[in-house]
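Text of work.pdb, listed as PDB, C-alpha atoms:
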ATOM      1  CA  MET A   1     153.361-108.874 -31.441
ATOM      2  CA  LYS A   2     150.829-106.349 -30.224
ATOM      3  CA  ASN A   3     147.141-107.046 -30.668
ATOM      4  CA  LYS A   4     145.052-104.760 -32.796
ATOM      5  CA  PRO A   5     142.845-102.479 -30.616
ATOM      6  CA  THR A   6     139.161-103.246 -30.494
ATOM      7  CA  LYS A   7     136.625-100.522 -31.142
ATOM      8  CA  ILE A   8     133.662-100.808 -28.786
ATOM      9  CA  LYS A   9     130.443 -99.027 -29.626
ATOM     10  CA  LEU A  10     127.943 -98.010 -26.961
ATOM     11  CA  ILE A  11     124.309 -97.217 -27.501
ATOM     12  CA  ILE A  12     123.206 -94.852 -24.776
ATOM     13  CA  TYR A  13     120.273 -92.489 -24.513
ATOM     14  CA  ASP A  14     121.559 -90.210 -21.746
ATOM     15  CA  CYS A  15     124.703 -89.669 -19.690
ATOM     16  CA  SER A  16     123.515 -91.826 -16.787
ATOM     17  CA  GLU A  17     124.140 -94.889 -18.992
ATOM     18  CA  CYS A  18     127.684 -93.821 -19.910
ATOM     19  CA  PRO A  19     130.566 -95.545 -18.072
ATOM     20  CA  LYS A  20     132.403 -92.196 -17.937
ATOM     21  CA  HIS A  21     129.872 -90.299 -15.807
ATOM     22  CA  ARG A  22     130.138 -89.294 -12.160
ATOM     23  CA  THR A  23     127.332 -88.287  -9.809
ATOM     24  CA  GLU A  24     127.121 -86.057  -6.753
ATOM     25  CA  ARG A  25     124.173 -85.183  -4.571
ATOM     26  CA  THR A  26     122.848 -81.701  -5.261
ATOM     27  CA  PRO A  27     123.592 -79.666  -2.116
ATOM     28  CA  ARG A  28     120.553 -78.995   0.105
ATOM     29  CA  SER A  29     118.217 -80.848  -2.262
ATOM     30  CA  GLY A  30     117.258 -84.106  -0.605
ATOM     31  CA  TYR A  31     117.272 -86.717  -3.376
ATOM     32  CA  ALA A  32     118.423 -84.732  -6.421
ATOM     33  CA  ILE A  33     121.663 -85.684  -8.194
ATOM     34  CA  ASP A  34     124.050 -83.744 -10.456
ATOM     35  CA  TYR A  35     125.769 -85.635 -13.297
ATOM     36  CA  TYR A  36     129.318 -84.845 -14.445
ATOM     37  CA  CYS A  37     131.352 -86.054 -17.414
ATOM     38  CA  GLN A  38     134.684 -87.555 -16.313
ATOM     39  CA  LEU A  39     136.191 -86.943 -19.750
ATOM     40  CA  THR A  40     135.510 -83.205 -19.927
ATOM     41  CA  GLY A  41     134.911 -82.372 -16.249
ATOM     42  CA  ASN A  42     131.708 -80.521 -17.184
ATOM     43  CA  LYS A  43     128.385 -80.779 -15.434
ATOM     44  CA  VAL A  44     126.002 -82.378 -17.932
ATOM     45  CA  ALA A  45     122.801 -82.475 -15.871
ATOM     46  CA  ASN A  46     121.721 -80.481 -12.855
ATOM     47  CA  TYR A  47     119.137 -81.356 -10.165
ATOM     48  CA  ILE A  48     117.863 -84.692 -11.478
ATOM     49  CA  GLU A  49     115.328 -86.281  -9.122
ATOM     50  CA  HIS A  50     114.022 -89.035 -11.396
ATOM     51  CA  PRO A  51     115.719 -90.957 -14.254
ATOM     52  CA  ASN A  52     113.161 -89.759 -16.833
ATOM     53  CA  GLU A  53     114.355 -86.162 -16.239
ATOM     54  CA  MET A  54     117.797 -86.836 -17.780
ATOM     55  CA  PRO A  55     118.459 -84.791 -20.940
ATOM     56  CA  PRO A  56     119.815 -86.590 -24.038
ATOM     57  CA  VAL A  57     123.554 -86.928 -24.633
ATOM     58  CA  PRO A  58     124.946 -83.437 -25.387
ATOM     59  CA  ASN A  59     126.263 -82.659 -28.874
ATOM     60  CA  ASN A  60     129.704 -81.824 -27.455
ATOM     61  CA  CYS A  61     130.157 -85.326 -25.972
ATOM     62  CA  PRO A  62     133.694 -86.613 -26.778
ATOM     63  CA  LEU A  63     132.351 -90.168 -27.279
ATOM     64  CA  ARG A  64     129.766 -89.088 -29.859
TER      65      ARG A  64
END
Can you turn what I pasted into structure tokens?
Amino acid sequence: MKNKPTKIKLIIYDCSECPKHRTERTPRSGYAIDYYCQLTGNKVANYIEHPNEMPPVPNNCPLR
């Protein structure tokens, strides 16, 4: 008999806390990082040098 799936809820404030994000260094920027969503393939944040610069989770997030 198959088990019933478990629904897991996450409380996150920005995409850097999401398990489905990917980061890449911003080209020619030094320490800045670009954040991408692995579910949609979209760039969600551009040229982030410090964690307090992250925007909130976008409205079009598939996990929202």
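Residue nearest Asp14 in chain A, chosen from A:Met54, A:Arg64, A:Ile33, A:Asn59 and counting all atoms listed in the file: A:Met54.
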Any chance you could resolve the PyMOL selection byres ((chain A and resi 63) around 12) against this file and give the residues as an MDAnalysis selection string?
chainID A and resid 7:12 15 18:21 37:40 57:62 64
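Considering the residues A:Pro55, A:Tyr47, A:Pro5, A:Asn42 and counting all atoms listed in the file, Arg25 in chain A has its shortest atom-to-atom contact with A:Tyr47.
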Who sits within 8 Å of Thr23 in chain A, all atoms listed in the file, same chain under 4 positions skipped, as a PyMOL selection string
chain A and resi 33-36
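CA of Pro56 in chain A is found 18.8 Å from CA of Glu24 in chain A.
CA of Tyr13 in chain A sits 15.4 Å away from CA of Ile48 in chain A.
Across the structure, CA of Ala45 in chain A and CA of Pro27 in chain A are spaced 14.1 Å apart.
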